Amino acid sequence: MTSDHSHLPSETALRAKALESLLVEKGLVKPEALDAIVETYQDKVGPQNGAHLVALAWTDPEFRRRLLADASDTAAEMGYFGRQGEHLKAIENTPEVHNLVVCTLCSCYPWTVLGLPPVWYKSAPYRSRAVSEPRSVLDEFGTELPENVTVRVWDSTSEMRYLVVPMRPAGTEGWSVEQLRKLVTRNSMIGVEPALPPEQVAP
Amino acid sequence: MAHSPNSDSGFREMEGPAFRAPWESQVFALICALQDAGKLPPAEWSATLGQEIRLAKERGDPDLGDTYYLYCLTALEKWLLRSKFACRDEISARIADWRTAYQTTPHGQPVELR
């Protein structure tokens, strides 16, 4: 037979299907849980969550203090819950220190606050170069830092995930949380770029 | 701090959708569900996946992020075997069953295992 089988999925898709049906059959996962997870990560969870936390930290010193002291609890208070056993740490950029996040082992990522990682975050070049030559990685993203700024690289693990709090851009005095969160991009919370300049967003 | 959004970058060219095919989201959901159910401890998963990525590197795979869920799928199969939740023959047979189901189900009808 050669015709009419164009809907036969790839070998890889068949392997995924086989695993799924075996795991469901053995009672290790529930089909409704699988649907809920895909729906959550496609529609509900994304960098807008992290941007909300950052904008609040920029405008409320007490919130900033709590976020930097215990990001897991502070994120959970806002309804952004992590998976079991995962801790979230917020690390703040300053005029002296710039933070960059990587996972050198696999691709641990703060899903709760940033959604799913970008393709490059899961690539070998990023995994290795973020550690060996972070400034050159930043350069590729168009981010140039003064010589005197220290670049600190944070290696994520299954237990500890990091959220970078970028510096609040100049010229945003008096902006509301709603306006500010539009400046906070996914990349700025991984640490490869600064937050957007105010002129990029209609106030 | 300078910022030029139009600069060329190898990393920037690697942008793309979170999932490029339905099977990728299926694999992702399985991993999350197994972790949520307490069957797959996060540290064990991280080590299993890390090992798979290291093997890919050793065989000269460029590993540019587009093969990530393939590593996840292979790591998940290995974990299943190692944890004795399934044996190799069982997985192979199930793959064959799905292939047959797709080949023998007329267009427009739901594909189900018989």
# chains A, B, ... in the order shown; residues from 1 in each chain; ligands from 1
>>> residues_around(residues="segment 83-92 of chain B", least_positions_apart="2", cutoff="10 Å", atoms="only C-alpha atoms", output="PDB file with N, CA and C atoms, in the first residue's frame")
ATOM      1  N   ARG A  15       6.002   7.066  18.706  1.00  0.00           N
ATOM      2  CA  ARG A  15       6.662   6.738  19.986  1.00  0.00           C
ATOM      3  C   ARG A  15       5.999   7.508  21.133  1.00  0.00           C
ATOM      4  N   ALA A  18       2.654   6.007  21.857  1.00  0.00           N
ATOM      5  CA  ALA A  18       2.817   4.726  22.547  1.00  0.00           C
ATOM      6  C   ALA A  18       3.080   4.953  24.037  1.00  0.00           C
ATOM      7  N   LEU A  19       3.993   5.884  24.343  1.00  0.00           N
ATOM      8  CA  LEU A  19       4.299   6.162  25.749  1.00  0.00           C
ATOM      9  C   LEU A  19       3.074   6.664  26.481  1.00  0.00           C
ATOM     10  N   LEU A  22       0.589   3.876  27.142  1.00  0.00           N
ATOM     11  CA  LEU A  22       1.088   2.944  28.167  1.00  0.00           C
ATOM     12  C   LEU A  22       1.002   3.562  29.557  1.00  0.00           C
ATOM     13  N   LEU A  23       1.410   4.823  29.675  1.00  0.00           N
ATOM     14  CA  LEU A  23       1.410   5.480  30.984  1.00  0.00           C
ATOM     15  C   LEU A  23      -0.009   5.658  31.527  1.00  0.00           C
ATOM     16  N   LYS A  26      -1.328   2.187  32.617  1.00  0.00           N
ATOM     17  CA  LYS A  26      -0.724   1.713  33.863  1.00  0.00           C
ATOM     18  C   LYS A  26      -1.106   2.590  35.055  1.00  0.00           C
ATOM     19  N   LEU A  28      -0.263   5.647  35.653  1.00  0.00           N
ATOM     20  CA  LEU A  28       0.785   6.566  36.108  1.00  0.00           C
ATOM     21  C   LEU A  28       0.414   8.025  35.833  1.00  0.00           C
TER      22      LEU A  28
ATOM     23  N   LYS B  39       5.651  10.470  40.631  1.00  0.00           N
ATOM     24  CA  LYS B  39       6.271   9.256  40.085  1.00  0.00           C
ATOM     25  C   LYS B  39       7.685   9.524  39.584  1.00  0.00           C
ATOM     26  N   LEU B  40       7.920  10.764  39.158  1.00  0.00           N
ATOM     27  CA  LEU B  40       9.201  11.108  38.534  1.00  0.00           C
ATOM     28  C   LEU B  40       9.814  12.286  39.297  1.00  0.00           C
ATOM     29  N   GLU B  77      11.517   7.280  27.668  1.00  0.00           N
ATOM     30  CA  GLU B  77      11.489   5.838  27.377  1.00  0.00           C
ATOM     31  C   GLU B  77      12.497   5.107  28.255  1.00  0.00           C
ATOM     32  N   LYS B  78      13.703   5.662  28.356  1.00  0.00           N
ATOM     33  CA  LYS B  78      14.743   5.007  29.163  1.00  0.00           C
ATOM     34  C   LYS B  78      14.363   4.960  30.638  1.00  0.00           C
ATOM     35  N   TRP B  79      13.759   6.061  31.095  1.00  0.00           N
ATOM     36  CA  TRP B  79      13.339   6.100  32.499  1.00  0.00           C
ATOM     37  C   TRP B  79      12.282   5.027  32.778  1.00  0.00           C
ATOM     38  N   LEU B  80      11.358   4.885  31.817  1.00  0.00           N
ATOM     39  CA  LEU B  80      10.279   3.902  31.944  1.00  0.00           C
ATOM     40  C   LEU B  80      10.854   2.487  32.038  1.00  0.00           C
ATOM     41  N   LEU B  81      11.871   2.212  31.208  1.00  0.00           N
ATOM     42  CA  LEU B  81      12.511   0.894  31.214  1.00  0.00           C
ATOM     43  C   LEU B  81      13.262   0.674  32.524  1.00  0.00           C
ATOM     44  N   ARG B  94       3.631  -1.558  21.289  1.00  0.00           N
ATOM     45  CA  ARG B  94       2.633  -0.487  21.336  1.00  0.00           C
ATOM     46  C   ARG B  94       2.816   0.482  20.167  1.00  0.00           C
ATOM     47  N   ILE B  95       4.074   0.746  19.810  1.00  0.00           N
ATOM     48  CA  ILE B  95       4.346   1.605  18.647  1.00  0.00           C
ATOM     49  C   ILE B  95       3.772   0.945  17.392  1.00  0.00           C
ATOM     50  N   ALA B  96       4.003  -0.364  17.257  1.00  0.00           N
ATOM     51  CA  ALA B  96       3.503  -1.095  16.091  1.00  0.00           C
ATOM     52  C   ALA B  96       1.976  -1.073  16.049  1.00  0.00           C
ATOM     53  N   ASP B  97       1.359  -1.203  17.227  1.00  0.00           N
ATOM     54  CA  ASP B  97      -0.113  -1.186  17.293  1.00  0.00           C
ATOM     55  C   ASP B  97      -0.669   0.143  16.796  1.00  0.00           C
TER      56      ASP B  97
END
>>> residues_around(residues="Ala16 of chain A", least_positions_apart="5", cutoff="9 Å", atoms="only C-alpha atoms", output="tab-separated table (two decimals) with C-alpha atoms, in the first residue's frame")
chain	number	residue	atom	x	y	z
A	11	GLU	CA	7.93	7.45	13.93
A	21	SER	CA	-1.16	5.22	26.08
B	23	TRP	CA	3.82	15.14	19.94
B	24	GLU	CA	6.18	17.69	21.54
B	26	GLN	CA	2.34	15.43	24.50
B	27	VAL	CA	5.82	14.58	25.77
B	73	LEU	CA	11.09	11.44	24.54
B	95	ILE	CA	4.35	1.61	18.65
>>> atom_distance(atom1="atom CA of Ala71 of chain A", atom2="atom CA of Gln42 of chain A")
23.4 Å
>>> interface_residues(of="chain B", to="chain A", cutoff="7 Å", atoms="only C-alpha atoms", output="compact mmCIF listing (two decimals) with C-alpha atoms, in the first residue's frame")
# COMPACT_ATOMS: atom_id res chain seq x y z
CA MET B 1 23.31 49.93 28.55
CA ALA B 2 22.92 49.90 24.79
CA HIS B 3 20.18 47.94 23.16
CA SER B 4 19.75 47.46 19.44
CA PRO B 5 16.75 45.27 18.61
CA SER B 7 21.17 43.37 15.47
CA SER B 9 22.11 37.10 16.28
CA PHE B 11 20.35 33.01 19.13
CA MET B 14 16.56 30.32 16.87
CA GLU B 15 13.21 31.76 17.99
CA GLY B 16 10.14 29.70 17.20
CA ALA B 18 7.15 26.53 22.02
CA TRP B 23 3.82 15.14 19.94
CA SER B 25 3.41 19.03 23.78
CA GLN B 26 2.34 15.43 24.50
CA VAL B 27 5.82 14.58 25.77
CA ALA B 29 2.64 17.05 29.42
CA LEU B 30 3.67 13.47 30.29
CA ALA B 33 2.06 14.90 34.94
CA LEU B 34 4.52 12.24 36.12
CA ASP B 36 2.97 16.16 39.67
CA PRO B 42 12.50 16.35 39.37
CA ALA B 43 16.17 15.71 40.20
CA SER B 46 16.95 16.39 35.24
CA LEU B 49 17.55 14.23 30.46
CA GLY B 50 21.00 15.71 31.08
CA ASP B 63 21.73 20.28 19.54
CA LEU B 64 20.32 23.62 18.48
CA GLY B 65 17.19 23.49 20.62
CA ASP B 66 14.99 22.00 17.89
CA TYR B 68 15.10 19.07 22.69
CA LEU B 73 11.09 11.44 24.54
CA ILE B 91 6.97 -0.30 24.03
CA ARG B 94 2.63 -0.49 21.34
CA ILE B 95 4.35 1.61 18.65
CA TRP B 98 -0.50 2.55 16.78
CA ARG B 99 1.07 2.32 13.33
CA TYR B 102 -3.35 4.63 11.70
CA GLN B 103 -2.90 2.50 8.60
>>> select_by_dssp(residues="chain A", states="helix (DSSP H, G or I)", output="PyMOL selection string")
chain A and resi 11-25+31-44+47-59+61-69+71-77+111-114+119-122+124-132+134-140+177-183+186-190+198-200
>>> closest_residue(among="A:Trp111, A:Ser128, A:Asp73, A:Arg186", to="Lys57 of chain B", atoms="only C-alpha atoms")
A:Ser128
>>> residues_around(residues="Leu163 of chain A", least_positions_apart="4", cutoff="9 Å", atoms="only C-alpha atoms", output="list in words")
Gly50, Ala71, Leu88, Lys89, Ala90, Ile91, Glu92, Val101, Tyr109, Pro110, Val113, Leu114, Met189, Ile190 and Gly191 of chain A
>>> write_last_selection(atoms="C-alpha atoms", output="CSV table (one decimal), in the first residue's frame")
chain,number,residue,atom,x,y,z
A,50,GLY,CA,7.0,37.3,35.6
A,71,ALA,CA,10.3,34.6,45.3
A,88,LEU,CA,12.2,30.3,42.7
A,89,LYS,CA,14.8,32.9,43.4
A,90,ALA,CA,14.6,36.5,42.1
A,91,ILE,CA,17.9,38.2,41.3
A,92,GLU,CA,18.1,41.9,40.7
A,101,VAL,CA,20.3,32.6,33.7
A,109,TYR,CA,13.5,27.1,33.6
A,110,PRO,CA,11.1,29.1,35.8
A,113,VAL,CA,6.6,32.9,35.8
A,114,LEU,CA,8.0,32.7,32.2
A,189,MET,CA,13.9,38.2,32.8
A,190,ILE,CA,16.4,35.6,31.5
A,191,GLY,CA,18.9,38.3,31.6
>>> atom_distance(atom1="atom CA of Ile31 of chain B", atom2="atom CA of Asp61 of chain B")
23.1 Å
>>> closest_residue(among="B:Pro22, B:Leu76, B:Pro62, B:Gly108", to="Glu44 of chain B", atoms="only C-alpha atoms")
B:Leu76
>>> residues_around(residues="Glu178 of chain A", least_positions_apart="6", cutoff="10 Å", atoms="only C-alpha atoms", output="count of residues only")
5
>>> residues_around(residues="Glu96 of chain A", least_positions_apart="2", cutoff="9 Å", atoms="only C-alpha atoms", output="PyMOL selection string")
chain A and resi 93-94+98+148-151
